[in-house]
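Enquirer: Input protein-v6.cif, format and content: mmCIF, C-alpha atoms.
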data_data
#
loop_
_atom_site.label_atom_id
_atom_site.label_comp_id
_atom_site.auth_asym_id
_atom_site.auth_seq_id
_atom_site.Cartn_x
_atom_site.Cartn_y
_atom_site.Cartn_z
CA MET F 1 -1.25 34.86 -7.51
CA GLY F 2 -0.44 31.80 -5.40
CA SER F 3 2.40 30.50 -3.31
CA PHE F 4 4.41 28.27 -5.59
CA ARG F 5 7.73 26.55 -5.02
CA GLN F 6 9.43 23.99 -7.23
CA LEU F 7 9.58 20.61 -5.54
CA GLU F 8 12.89 18.86 -4.93
CA GLY F 9 13.31 15.39 -6.38
CA HIS F 10 12.79 13.68 -3.01
CA GLU F 11 9.46 15.49 -2.50
CA MET F 12 7.92 14.29 -5.73
CA GLY F 13 6.83 10.88 -4.51
CA ARG F 14 8.49 9.15 -7.46
CA LEU F 15 8.73 5.40 -7.25
CA SER F 16 11.97 3.78 -6.17
CA LEU F 17 13.27 1.16 -8.59
CA ALA F 18 12.18 -1.62 -6.21
CA ASP F 19 8.64 -0.26 -5.84
CA HIS F 20 8.50 0.44 -9.54
CA ALA F 21 9.24 -3.17 -10.46
CA GLY F 22 6.11 -4.29 -8.64
CA SER F 23 3.84 -1.38 -9.50
CA GLN F 24 0.78 -1.41 -11.71
CA ARG F 25 1.46 0.30 -15.02
CA HIS F 26 -1.08 1.85 -17.35
CA PRO F 27 -2.15 -0.81 -19.89
CA ILE F 28 -0.50 0.92 -22.84
CA THR F 29 2.30 -0.34 -25.10
CA LEU F 30 4.27 2.00 -27.35
CA VAL F 31 5.52 0.47 -30.62
CA LEU F 32 8.41 2.19 -32.42
CA TYR F 33 8.68 1.42 -36.14
CA ASN F 34 11.74 2.49 -38.13
CA ILE F 35 12.56 5.48 -35.94
CA ARG F 36 15.70 6.98 -37.42
CA SER F 37 16.80 9.34 -34.66
CA MET F 38 18.25 7.98 -31.44
CA TRP F 39 17.37 11.31 -29.84
CA ASN F 40 13.71 10.49 -30.55
CA VAL F 41 14.09 6.93 -29.20
CA GLY F 42 15.65 8.25 -25.99
CA ALA F 43 12.98 10.93 -25.53
CA MET F 44 10.23 8.31 -25.99
CA PHE F 45 11.82 6.09 -23.30
CA ARG F 46 11.72 9.10 -20.97
CA SER F 47 8.05 9.80 -21.83
CA ALA F 48 7.16 6.10 -21.41
CA ASP F 49 8.65 6.17 -17.92
CA ALA F 50 6.82 9.38 -17.00
CA ALA F 51 3.49 8.14 -18.36
CA GLY F 52 3.93 4.85 -16.47
CA ILE F 53 3.14 2.61 -19.43
CA GLU F 54 3.63 -1.14 -19.62
CA LYS F 55 6.32 -1.49 -22.25
CA ILE F 56 7.96 -0.34 -25.46
CA VAL F 57 8.22 -2.68 -28.46
CA ILE F 58 11.05 -1.72 -30.82
CA THR F 59 10.67 -2.83 -34.44
CA GLY F 60 12.31 -2.41 -37.84
CA TYR F 61 15.62 -0.60 -37.99
CA THR F 62 14.93 1.50 -34.87
CA ALA F 63 18.07 1.54 -32.69
CA ARG F 64 17.77 -0.10 -29.30
CA PRO F 65 19.57 0.33 -25.98
CA PRO F 66 22.32 0.30 -24.96
CA ARG F 67 23.52 3.09 -27.24
CA LYS F 68 25.09 6.18 -25.77
CA GLU F 69 23.04 8.46 -28.06
CA ILE F 70 19.83 6.93 -26.66
CA ASP F 71 21.00 6.84 -23.07
CA LYS F 72 21.99 10.50 -22.86
CA VAL F 73 18.45 11.57 -23.78
CA ALA F 74 16.61 8.80 -21.90
CA LEU F 75 18.42 9.80 -18.67
CA GLY F 76 18.05 6.35 -17.12
CA ALA F 77 14.55 5.54 -18.43
CA GLN F 78 16.11 2.95 -20.75
CA GLU F 79 16.81 0.96 -17.55
CA THR F 80 13.37 1.28 -15.97
CA VAL F 81 10.98 0.91 -18.91
CA CYS F 82 10.32 -2.68 -20.01
CA TRP F 83 11.12 -3.09 -23.68
CA GLU F 84 11.49 -5.84 -26.25
CA TYR F 85 12.68 -6.03 -29.82
CA CYS F 86 10.84 -7.66 -32.71
CA GLU F 87 12.32 -6.84 -36.11
CA ASP F 88 9.12 -7.53 -38.10
CA PRO F 89 6.43 -4.99 -37.15
CA VAL F 90 3.66 -7.24 -38.52
CA GLU F 91 4.74 -10.05 -36.20
CA ALA F 92 4.89 -7.54 -33.33
CA VAL F 93 1.31 -6.40 -34.06
CA ASP F 94 0.10 -10.01 -34.25
CA ARG F 95 1.67 -10.77 -30.88
CA LEU F 96 0.12 -7.66 -29.30
CA LYS F 97 -3.29 -8.62 -30.66
CA GLY F 98 -2.71 -12.13 -29.29
CA GLU F 99 -2.19 -10.52 -25.87
CA GLY F 100 -5.66 -8.98 -26.20
CA LYS F 101 -4.53 -5.47 -27.00
CA ARG F 102 -6.23 -3.09 -29.42
CA VAL F 103 -3.61 -1.79 -31.82
CA PHE F 104 -3.73 1.87 -32.89
CA GLY F 105 -1.58 3.62 -35.46
CA LEU F 106 -0.76 7.26 -34.72
CA GLU F 107 -0.98 8.84 -38.14
CA ILE F 108 -2.80 11.34 -40.32
CA ALA F 109 -4.90 8.93 -42.38
CA GLU F 110 -8.23 8.41 -44.05
CA ASN F 111 -10.83 7.12 -41.59
CA SER F 112 -8.74 8.03 -38.58
CA ARG F 113 -10.40 9.22 -35.40
CA PRO F 114 -9.26 12.01 -33.07
CA TYR F 115 -6.75 10.82 -30.47
CA THR F 116 -9.05 12.35 -27.82
CA ALA F 117 -11.86 9.91 -28.73
CA LEU F 118 -10.47 6.76 -27.10
CA LYS F 119 -12.78 5.05 -24.64
CA PRO F 120 -11.92 3.05 -21.51
CA GLY F 121 -12.96 -0.09 -23.45
CA ASP F 122 -10.08 0.50 -25.88
CA PHE F 123 -7.56 -0.63 -23.25
CA PRO F 124 -5.26 -2.52 -23.10
CA ALA F 125 -3.97 -0.57 -26.06
CA ALA F 126 -0.86 -0.52 -28.23
CA LEU F 127 0.12 2.67 -30.04
CA ILE F 128 2.38 2.53 -33.10
CA VAL F 129 4.53 5.52 -34.10
CA GLY F 130 6.46 5.42 -37.35
CA ASN F 131 9.39 6.85 -39.21
CA GLU F 132 10.05 10.61 -39.02
CA VAL F 133 9.54 11.06 -42.78
CA ASP F 134 7.51 8.10 -44.03
CA GLY F 135 5.29 7.52 -41.01
CA ILE F 136 3.78 4.09 -40.43
CA GLY F 137 3.07 3.17 -44.05
CA ASP F 138 -0.14 1.78 -45.52
CA ASP F 139 0.78 -1.92 -45.10
CA LEU F 140 1.17 -1.62 -41.37
CA LEU F 141 -1.81 0.76 -41.07
CA ALA F 142 -3.96 -1.89 -42.77
CA ILE F 143 -3.54 -4.31 -39.86
CA CYS F 144 -4.17 -1.70 -37.15
CA ASP F 145 -7.52 -1.94 -35.36
CA ASP F 146 -7.87 1.82 -35.69
CA VAL F 147 -5.90 4.94 -36.51
CA LEU F 148 -5.62 7.89 -34.14
CA GLU F 149 -4.88 11.37 -35.39
CA ILE F 150 -3.73 14.45 -33.52
CA PRO F 151 -5.67 17.32 -35.11
CA GLN F 152 -3.31 19.97 -36.41
CA TYR F 153 -4.12 23.59 -37.06
CA GLY F 154 -1.05 25.08 -38.73
CA THR F 155 0.72 25.25 -42.05
CA LYS F 156 2.95 22.20 -41.50
CA HIS F 157 2.04 18.56 -41.75
CA SER F 158 3.47 16.96 -38.70
CA LEU F 159 4.77 17.12 -35.20
CA ASN F 160 8.13 15.78 -34.12
CA VAL F 161 7.52 12.06 -33.53
CA ALA F 162 8.63 12.14 -29.88
CA VAL F 163 6.35 15.11 -29.18
CA ALA F 164 3.44 13.37 -30.96
CA ALA F 165 4.05 10.18 -28.98
CA GLY F 166 4.12 12.18 -25.73
CA VAL F 167 0.88 14.00 -26.56
CA ALA F 168 -0.87 10.72 -27.42
CA LEU F 169 0.50 8.72 -24.47
CA PHE F 170 -0.55 11.30 -21.88
CA GLU F 171 -3.99 11.57 -23.49
CA CYS F 172 -4.31 7.76 -23.27
CA VAL F 173 -3.36 7.96 -19.60
CA ARG F 174 -5.89 10.77 -18.99
CA ILE F 175 -8.69 8.81 -20.66
CA PHE F 176 -7.77 5.54 -18.94
CA ARG F 177 -7.73 7.18 -15.51
CA THR F 178 -10.78 9.44 -15.86
CA GLY F 179 -12.94 7.40 -18.22
CA GLY F 180 -12.77 10.04 -20.92
CA MET A 1 -9.62 -3.73 -38.93
CA GLY A 2 -10.38 -0.68 -41.05
CA SER A 3 -9.36 0.78 -44.34
CA PHE A 4 -6.57 3.18 -43.60
CA ARG A 5 -4.30 5.09 -45.89
CA GLN A 6 -1.82 7.82 -45.03
CA LEU A 7 -2.87 11.17 -46.42
CA GLU A 8 -0.61 13.11 -48.76
CA GLY A 9 0.31 16.65 -47.75
CA HIS A 10 -2.15 18.24 -50.19
CA GLU A 11 -5.05 16.19 -48.76
CA MET A 12 -4.52 17.37 -45.18
CA GLY A 13 -6.36 20.66 -45.50
CA ARG A 14 -3.45 22.59 -43.99
CA LEU A 15 -3.62 26.35 -44.22
CA SER A 16 -1.70 28.17 -46.93
CA LEU A 17 0.57 30.91 -45.61
CA ALA A 18 -1.86 33.57 -46.88
CA ASP A 19 -4.88 31.96 -45.20
CA HIS A 20 -2.85 31.33 -42.10
CA ALA A 21 -1.94 34.99 -41.68
CA GLY A 22 -5.63 35.86 -41.35
CA SER A 23 -6.80 32.81 -39.43
CA GLN A 24 -8.07 32.70 -35.88
CA ARG A 25 -5.49 31.12 -33.57
CA HIS A 26 -6.15 29.43 -30.25
CA PRO A 27 -5.75 32.06 -27.50
CA ILE A 28 -2.61 30.51 -26.05
CA THR A 29 0.88 32.01 -25.77
CA LEU A 30 3.94 29.85 -25.09
CA VAL A 31 6.73 31.52 -23.09
CA LEU A 32 10.24 30.05 -23.29
CA TYR A 33 12.52 30.90 -20.38
CA ASN A 34 16.24 30.09 -20.51
CA ILE A 35 15.85 27.12 -22.85
CA ARG A 36 19.36 25.87 -23.47
CA SER A 37 18.86 23.53 -26.41
CA MET A 38 18.12 24.92 -29.86
CA TRP A 39 16.69 21.52 -30.73
CA ASN A 40 14.07 22.09 -28.04
CA VAL A 41 13.36 25.64 -29.28
CA GLY A 42 12.90 24.36 -32.85
CA ALA A 43 10.63 21.50 -31.75
CA MET A 44 8.47 23.93 -29.76
CA PHE A 45 8.07 26.20 -32.80
CA ARG A 46 6.88 23.15 -34.73
CA SER A 47 4.41 22.23 -31.95
CA ALA A 48 3.19 25.83 -31.70
CA ASP A 49 2.43 25.80 -35.43
CA ALA A 50 0.61 22.45 -35.21
CA ALA A 51 -1.41 23.49 -32.16
CA GLY A 52 -2.35 26.75 -33.89
CA ILE A 53 -1.47 28.99 -30.97
CA GLU A 54 -1.20 32.78 -31.00
CA LYS A 55 2.47 33.35 -30.37
CA ILE A 56 5.73 32.40 -28.69
CA VAL A 57 7.49 34.79 -26.34
CA ILE A 58 11.22 34.08 -26.03
CA THR A 59 12.90 35.23 -22.81
CA GLY A 60 16.21 35.01 -20.96
CA TYR A 61 19.13 33.42 -22.78
CA THR A 62 16.92 31.22 -24.98
CA ALA A 63 18.25 31.36 -28.57
CA ARG A 64 15.95 32.90 -31.17
CA PRO A 65 15.57 32.53 -34.94
CA PRO A 66 17.23 32.73 -37.32
CA ARG A 67 19.69 30.06 -36.18
CA LYS A 68 20.35 27.06 -38.36
CA GLU A 69 20.14 24.69 -35.36
CA ILE A 70 16.60 25.97 -34.63
CA ASP A 71 15.51 26.08 -38.27
CA LYS A 72 16.46 22.48 -39.07
CA VAL A 73 14.15 21.19 -36.32
CA ALA A 74 11.39 23.79 -36.75
CA LEU A 75 11.09 22.86 -40.46
CA GLY A 76 9.69 26.24 -41.44
CA ALA A 77 7.49 26.83 -38.37
CA GLN A 78 9.93 29.57 -37.30
CA GLU A 79 8.55 31.53 -40.29
CA THR A 80 4.84 30.95 -39.62
CA VAL A 81 4.54 31.22 -35.84
CA CYS A 82 4.41 34.78 -34.48
CA TRP A 83 7.11 35.33 -31.90
CA GLU A 84 8.70 38.14 -29.96
CA TYR A 85 11.70 38.48 -27.69
CA CYS A 86 11.74 40.04 -24.23
CA GLU A 87 14.93 39.40 -22.29
CA ASP A 88 13.41 39.89 -18.83
CA PRO A 89 10.82 37.17 -18.13
CA VAL A 90 9.22 39.25 -15.36
CA GLU A 91 8.59 42.08 -17.82
CA ALA A 92 7.22 39.52 -20.31
CA VAL A 93 4.79 38.17 -17.72
CA ASP A 94 3.68 41.71 -16.77
CA ARG A 95 2.97 42.48 -20.41
CA LEU A 96 1.01 39.26 -20.91
CA LYS A 97 -1.08 40.01 -17.82
CA GLY A 98 -1.61 43.52 -19.20
CA GLU A 99 -3.02 41.89 -22.34
CA GLY A 100 -5.58 40.11 -20.13
CA LYS A 101 -3.95 36.70 -20.19
CA ARG A 102 -3.82 34.27 -17.29
CA VAL A 103 -0.21 33.20 -16.84
CA PHE A 104 0.56 29.56 -15.98
CA GLY A 105 3.90 28.01 -15.15
CA LEU A 106 4.39 24.42 -16.28
CA GLU A 107 6.25 22.90 -13.37
CA ILE A 108 6.16 20.34 -10.62
CA ALA A 109 5.48 22.63 -7.67
CA GLU A 110 3.67 22.97 -4.39
CA ASN A 111 0.05 24.03 -4.90
CA SER A 112 0.11 23.21 -8.58
CA ARG A 113 -2.98 21.83 -10.27
CA PRO A 114 -3.19 19.08 -12.90
CA TYR A 115 -2.71 20.36 -16.44
CA THR A 116 -5.99 18.65 -17.34
CA ALA A 117 -7.94 20.90 -14.93
CA LEU A 118 -7.95 24.10 -16.99
CA LYS A 119 -11.37 25.61 -17.67
CA PRO A 120 -12.57 27.60 -20.66
CA GLY A 121 -12.54 30.70 -18.41
CA ASP A 122 -8.75 30.36 -18.08
CA PHE A 123 -8.25 31.59 -21.64
CA PRO A 124 -6.59 33.63 -23.05
CA ALA A 125 -3.70 31.82 -21.40
CA ALA A 126 0.08 32.04 -21.39
CA LEU A 127 2.12 28.96 -20.53
CA ILE A 128 5.72 29.31 -19.31
CA VAL A 129 8.23 26.49 -19.78
CA GLY A 130 11.66 26.78 -18.22
CA ASN A 131 15.23 25.61 -18.40
CA GLU A 132 15.90 21.91 -19.00
CA VAL A 133 17.67 21.50 -15.63
CA ASP A 134 16.52 24.33 -13.38
CA GLY A 135 12.94 24.70 -14.58
CA ILE A 136 11.15 28.01 -14.12
CA GLY A 137 12.57 28.95 -10.71
CA ASP A 138 10.68 30.16 -7.65
CA ASP A 139 10.96 33.90 -8.43
CA LEU A 140 9.16 33.55 -11.73
CA LEU A 141 6.70 30.97 -10.33
CA ALA A 142 5.75 33.50 -7.65
CA ILE A 143 4.28 35.88 -10.24
CA CYS A 144 2.38 33.18 -12.15
CA ASP A 145 -1.40 33.15 -11.70
CA ASP A 146 -1.25 29.39 -11.32
CA VAL A 147 1.05 26.42 -11.85
CA LEU A 148 0.13 23.45 -14.02
CA GLU A 149 1.67 20.06 -13.47
CA ILE A 150 1.76 17.02 -15.75
CA PRO A 151 1.29 14.06 -13.38
CA GLN A 152 4.13 11.60 -13.71
CA TYR A 153 4.09 7.95 -12.81
CA GLY A 154 7.64 6.70 -13.22
CA THR A 155 11.00 6.73 -11.49
CA LYS A 156 12.31 9.91 -13.13
CA HIS A 157 11.45 13.48 -12.32
CA SER A 158 10.78 15.10 -15.62
CA LEU A 159 9.87 14.97 -19.26
CA ASN A 160 11.90 16.52 -22.03
CA VAL A 161 10.80 20.17 -22.08
CA ALA A 162 9.64 20.10 -25.72
CA VAL A 163 7.58 16.95 -25.05
CA ALA A 164 6.09 18.52 -21.90
CA ALA A 165 5.25 21.71 -23.80
CA GLY A 166 3.59 19.65 -26.56
CA VAL A 167 1.52 17.64 -24.06
CA ALA A 168 0.36 20.80 -22.27
CA LEU A 169 -0.33 22.83 -25.45
CA PHE A 170 -2.50 20.15 -27.03
CA GLU A 171 -4.37 19.67 -23.75
CA CYS A 172 -5.01 23.44 -23.66
CA VAL A 173 -6.34 23.22 -27.22
CA ARG A 174 -8.55 20.24 -26.35
CA ILE A 175 -10.02 22.03 -23.33
CA PHE A 176 -10.47 25.32 -25.19
CA ARG A 177 -12.29 23.62 -28.07
CA THR A 178 -14.42 21.18 -26.08
CA GLY A 179 -14.97 23.12 -22.85
CA GLY A 180 -13.10 20.52 -20.80
#
Mind turning this structure into structure tokens?
Expert:
Amino acid sequence: MGSFRQLEGHEMGRLSLADHAGSQRHPITLVLYNIRSMWNVGAMFRSADAAGIEKIVITGYTARPPRKEIDKVALGAQETVCWEYCEDPVEAVDRLKGEGKRVFGLEIAENSRPYTALKPGDFPAALIVGNEVDGIGDDLLAICDDVLEIPQYGTKHSLNVAVAAGVALFECVRIFRTGG
Amino acid sequence: MGSFRQLEGHEMGRLSLADHAGSQRHPITLVLYNIRSMWNVGAMFRSADAAGIEKIVITGYTARPPRKEIDKVALGAQETVCWEYCEDPVEAVDRLKGEGKRVFGLEIAENSRPYTALKPGDFPAALIVGNEVDGIGDDLLAICDDVLEIPQYGTKHSLNVAVAAGVALFECVRIFRTGG
């Protein structure tokens, strides 16, 4: 048994907005493709802020800020996380590859590899998450450099997309910072 | 560029309900304390199913199944994940310790350790997640064996509780299966 006390906000050493603007982010981009739920979009903004990633790229019919349904879940992260919109996900992937990033789909797919198997050489990385029901789709998967899968051990076939994105983003951060 | 194709449900090798009932789960218990949102409760049932953990213990004023608001997010996981209710979280923690489990709070706290620093000897483990605004609280933290913290790199002070639980559960599974 230890001596534990919750920390107050001011004790947490979080970045101020000014410091944040100039800080080094983890070289990870999160790509949202046809995300239907604004709750999920807002939660992923919040996770992107917490994981300290570079940016979010919003594609397809995914809603984008400002929308009150996103903002009330993002709790301000929609203002601090860099994001851009590119309607065509194929064009978005091409641009990310042009920036030197390795593009990974997060999906349960043939020839996928475990999400825990990334290597430091895989960064800078972009991670695509897809629609809550239809996922990423084979056309978009076909232009990914690789597909990452979160192994699942239950009776169901999927995680909530915002939970899956959080699991994968924090694992990317862990691997990037520790070398695996 | 690889050859990737999304798998259909029947190709995923998920457990049938009959096989699942007899299968070996990961020795991890998730404790919910005063979770306000039924969306969050439902999402955590879904994550608990996917991560293949032993059970959920619901405490405090957290809503419990069957509730349609939980069920529509849990997507059936409320039927496949073992769960029990114990109103008093202190009594729940005492029972879990009596079952030989190490009890961890998931919180940003003094003397916490990174959630990636668990060791195989820390299992069987119970992980407590707390209220969306107030967290676990110092009284309950005081009786935890240890506190785990997800390092955060942004301007905000927290993750959504269901995302945080998902990140921590899958890291527990990774460590348990690989030895760290």
Enquirer: Using only C-alpha atoms, select each residue of chain A with any atom at most 6 Å away from an atom of chain F, and give the selection as a PyMOL selection string.
Expert: chain A and resi 1+4-7+14-15+49-52+108-110+138+141-142+145+152-155+163+166-167
Enquirer: Find the distance between atom CA of Phe123 of chain F and atom CA of Ser37 of chain F and write it in Å to one decimal.
Expert: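 Atom CA of Ser37 of chain F lies 28.7 Å from atom CA of Phe123 of chain F.
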Enquirer: Might you pull out every residue within 12 Å of Arg64 of chain A, with only C-alpha atoms counted and same-chain residues fewer than 6 positions away left off, and present them as JSON, numbers by chain?
Expert: {"A": [32, 33, 34, 35, 36, 37, 38, 39, 40, 41, 42, 44, 45, 56, 57, 58, 70, 71, 74, 78, 79, 83, 84, 85, 86, 87]}
Enquirer: Quick one: chain F onto chain A, least squares on all Cα paired in order, result as a CSV table (one decimal) with C-alpha atoms, keeping the file's coordinate frame?
Expert:
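Contents of out_6.csv, as written:
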chain,number,residue,atom,x,y,z
F,1,MET,CA,-9.7,-3.7,-38.9
F,2,GLY,CA,-10.4,-0.7,-41.1
F,3,SER,CA,-9.4,0.8,-44.4
F,4,PHE,CA,-6.6,3.2,-43.6
F,5,ARG,CA,-4.3,5.1,-45.9
F,6,GLN,CA,-1.8,7.8,-45.0
F,7,LEU,CA,-2.9,11.2,-46.4
F,8,GLU,CA,-0.6,13.1,-48.8
F,9,GLY,CA,0.3,16.7,-47.8
F,10,HIS,CA,-2.2,18.3,-50.2
F,11,GLU,CA,-5.1,16.2,-48.7
F,12,MET,CA,-4.6,17.4,-45.2
F,13,GLY,CA,-6.4,20.7,-45.5
F,14,ARG,CA,-3.5,22.6,-44.0
F,15,LEU,CA,-3.6,26.3,-44.2
F,16,SER,CA,-1.7,28.1,-46.9
F,17,LEU,CA,0.6,30.9,-45.6
F,18,ALA,CA,-1.9,33.5,-46.9
F,19,ASP,CA,-4.9,31.9,-45.2
F,20,HIS,CA,-2.9,31.3,-42.1
F,21,ALA,CA,-2.0,35.0,-41.7
F,22,GLY,CA,-5.6,35.9,-41.4
F,23,SER,CA,-6.8,32.8,-39.4
F,24,GLN,CA,-8.1,32.7,-35.9
F,25,ARG,CA,-5.5,31.1,-33.6
F,26,HIS,CA,-6.1,29.4,-30.2
F,27,PRO,CA,-5.8,32.1,-27.5
F,28,ILE,CA,-2.6,30.5,-26.1
F,29,THR,CA,0.9,32.0,-25.8
F,30,LEU,CA,3.9,29.9,-25.1
F,31,VAL,CA,6.7,31.5,-23.1
F,32,LEU,CA,10.2,30.0,-23.3
F,33,TYR,CA,12.5,30.9,-20.4
F,34,ASN,CA,16.2,30.1,-20.5
F,35,ILE,CA,15.9,27.1,-22.8
F,36,ARG,CA,19.4,25.9,-23.4
F,37,SER,CA,18.9,23.5,-26.4
F,38,MET,CA,18.1,24.9,-29.8
F,39,TRP,CA,16.7,21.5,-30.7
F,40,ASN,CA,14.1,22.1,-28.0
F,41,VAL,CA,13.4,25.6,-29.3
F,42,GLY,CA,12.9,24.4,-32.8
F,43,ALA,CA,10.6,21.5,-31.7
F,44,MET,CA,8.5,23.9,-29.7
F,45,PHE,CA,8.1,26.2,-32.8
F,46,ARG,CA,6.9,23.1,-34.7
F,47,SER,CA,4.4,22.2,-31.9
F,48,ALA,CA,3.2,25.8,-31.7
F,49,ASP,CA,2.4,25.8,-35.4
F,50,ALA,CA,0.6,22.4,-35.2
F,51,ALA,CA,-1.4,23.5,-32.2
F,52,GLY,CA,-2.3,26.8,-33.9
F,53,ILE,CA,-1.5,29.0,-31.0
F,54,GLU,CA,-1.2,32.8,-31.0
F,55,LYS,CA,2.5,33.4,-30.4
F,56,ILE,CA,5.7,32.4,-28.7
F,57,VAL,CA,7.5,34.8,-26.3
F,58,ILE,CA,11.2,34.1,-26.0
F,59,THR,CA,12.9,35.3,-22.8
F,60,GLY,CA,16.2,35.0,-21.0
F,61,TYR,CA,19.1,33.4,-22.8
F,62,THR,CA,16.9,31.2,-25.0
F,63,ALA,CA,18.3,31.4,-28.6
F,64,ARG,CA,16.0,32.9,-31.1
F,65,PRO,CA,15.6,32.5,-34.9
F,66,PRO,CA,17.2,32.7,-37.3
F,67,ARG,CA,19.7,30.1,-36.2
F,68,LYS,CA,20.4,27.1,-38.4
F,69,GLU,CA,20.2,24.7,-35.4
F,70,ILE,CA,16.6,26.0,-34.6
F,71,ASP,CA,15.5,26.1,-38.3
F,72,LYS,CA,16.5,22.5,-39.1
F,73,VAL,CA,14.2,21.2,-36.3
F,74,ALA,CA,11.4,23.8,-36.8
F,75,LEU,CA,11.1,22.8,-40.5
F,76,GLY,CA,9.7,26.2,-41.4
F,77,ALA,CA,7.5,26.8,-38.4
F,78,GLN,CA,9.9,29.6,-37.3
F,79,GLU,CA,8.5,31.5,-40.3
F,80,THR,CA,4.9,30.9,-39.6
F,81,VAL,CA,4.5,31.2,-35.8
F,82,CYS,CA,4.4,34.8,-34.5
F,83,TRP,CA,7.1,35.3,-31.9
F,84,GLU,CA,8.7,38.1,-29.9
F,85,TYR,CA,11.7,38.5,-27.7
F,86,CYS,CA,11.7,40.0,-24.2
F,87,GLU,CA,14.9,39.4,-22.3
F,88,ASP,CA,13.4,39.9,-18.8
F,89,PRO,CA,10.8,37.2,-18.1
F,90,VAL,CA,9.2,39.3,-15.4
F,91,GLU,CA,8.6,42.1,-17.8
F,92,ALA,CA,7.2,39.5,-20.3
F,93,VAL,CA,4.8,38.2,-17.7
F,94,ASP,CA,3.7,41.7,-16.8
F,95,ARG,CA,3.0,42.5,-20.4
F,96,LEU,CA,1.0,39.2,-20.9
F,97,LYS,CA,-1.1,40.0,-17.8
F,98,GLY,CA,-1.6,43.5,-19.2
F,99,GLU,CA,-3.0,41.9,-22.4
F,100,GLY,CA,-5.6,40.1,-20.1
F,101,LYS,CA,-4.0,36.7,-20.2
F,102,ARG,CA,-3.8,34.3,-17.3
F,103,VAL,CA,-0.2,33.2,-16.8
F,104,PHE,CA,0.5,29.6,-16.0
F,105,GLY,CA,3.9,28.0,-15.1
F,106,LEU,CA,4.4,24.4,-16.3
F,107,GLU,CA,6.3,22.9,-13.4
F,108,ILE,CA,6.2,20.3,-10.6
F,109,ALA,CA,5.5,22.6,-7.7
F,110,GLU,CA,3.7,23.0,-4.4
F,111,ASN,CA,0.1,24.0,-4.9
F,112,SER,CA,0.1,23.2,-8.6
F,113,ARG,CA,-3.0,21.8,-10.3
F,114,PRO,CA,-3.2,19.1,-12.9
F,115,TYR,CA,-2.7,20.4,-16.4
F,116,THR,CA,-6.0,18.6,-17.3
F,117,ALA,CA,-7.9,20.9,-14.9
F,118,LEU,CA,-7.9,24.1,-17.0
F,119,LYS,CA,-11.4,25.6,-17.7
F,120,PRO,CA,-12.6,27.6,-20.7
F,121,GLY,CA,-12.5,30.7,-18.4
F,122,ASP,CA,-8.7,30.3,-18.1
F,123,PHE,CA,-8.3,31.6,-21.7
F,124,PRO,CA,-6.6,33.6,-23.0
F,125,ALA,CA,-3.7,31.8,-21.4
F,126,ALA,CA,0.1,32.0,-21.4
F,127,LEU,CA,2.1,29.0,-20.5
F,128,ILE,CA,5.7,29.3,-19.3
F,129,VAL,CA,8.2,26.5,-19.8
F,130,GLY,CA,11.7,26.8,-18.2
F,131,ASN,CA,15.2,25.6,-18.4
F,132,GLU,CA,15.9,21.9,-19.0
F,133,VAL,CA,17.7,21.5,-15.6
F,134,ASP,CA,16.5,24.3,-13.4
F,135,GLY,CA,12.9,24.7,-14.6
F,136,ILE,CA,11.1,28.0,-14.1
F,137,GLY,CA,12.6,29.0,-10.7
F,138,ASP,CA,10.7,30.2,-7.7
F,139,ASP,CA,10.9,33.9,-8.4
F,140,LEU,CA,9.2,33.5,-11.7
F,141,LEU,CA,6.7,31.0,-10.3
F,142,ALA,CA,5.7,33.5,-7.7
F,143,ILE,CA,4.3,35.9,-10.2
F,144,CYS,CA,2.4,33.2,-12.2
F,145,ASP,CA,-1.4,33.2,-11.7
F,146,ASP,CA,-1.2,29.4,-11.3
F,147,VAL,CA,1.0,26.4,-11.8
F,148,LEU,CA,0.1,23.4,-14.0
F,149,GLU,CA,1.7,20.1,-13.5
F,150,ILE,CA,1.8,17.0,-15.7
F,151,PRO,CA,1.3,14.1,-13.4
F,152,GLN,CA,4.1,11.6,-13.7
F,153,TYR,CA,4.1,8.0,-12.8
F,154,GLY,CA,7.6,6.7,-13.2
F,155,THR,CA,11.0,6.7,-11.5
F,156,LYS,CA,12.3,9.9,-13.2
F,157,HIS,CA,11.5,13.5,-12.3
F,158,SER,CA,10.8,15.1,-15.6
F,159,LEU,CA,9.9,15.0,-19.3
F,160,ASN,CA,11.9,16.5,-22.0
F,161,VAL,CA,10.8,20.2,-22.1
F,162,ALA,CA,9.6,20.1,-25.7
F,163,VAL,CA,7.6,17.0,-25.1
F,164,ALA,CA,6.1,18.5,-21.9
F,165,ALA,CA,5.2,21.7,-23.8
F,166,GLY,CA,3.6,19.7,-26.6
F,167,VAL,CA,1.5,17.6,-24.1
F,168,ALA,CA,0.4,20.8,-22.3
F,169,LEU,CA,-0.3,22.8,-25.4
F,170,PHE,CA,-2.5,20.1,-27.0
F,171,GLU,CA,-4.4,19.7,-23.8
F,172,CYS,CA,-5.0,23.4,-23.7
F,173,VAL,CA,-6.3,23.2,-27.2
F,174,ARG,CA,-8.5,20.2,-26.3
F,175,ILE,CA,-10.0,22.0,-23.3
F,176,PHE,CA,-10.5,25.3,-25.2
F,177,ARG,CA,-12.3,23.6,-28.1
F,178,THR,CA,-14.4,21.2,-26.1
F,179,GLY,CA,-15.0,23.1,-22.9
F,180,GLY,CA,-13.1,20.5,-20.8
Enquirer: Calculate how many Å separate atom CA of Ile28 of chain A from atom CA of Pro124 of chain A, rounding to one decimal.
Expert: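 For atom CA of Ile28 of chain A relative to atom CA of Pro124 of chain A, the distance reads 5.9 Å.
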Enquirer: Please report the interatomic distance between atom CA of Val129 of chain F and atom CA of Leu106 of chain A in Å with one decimal.
Expert: 26.0 Å
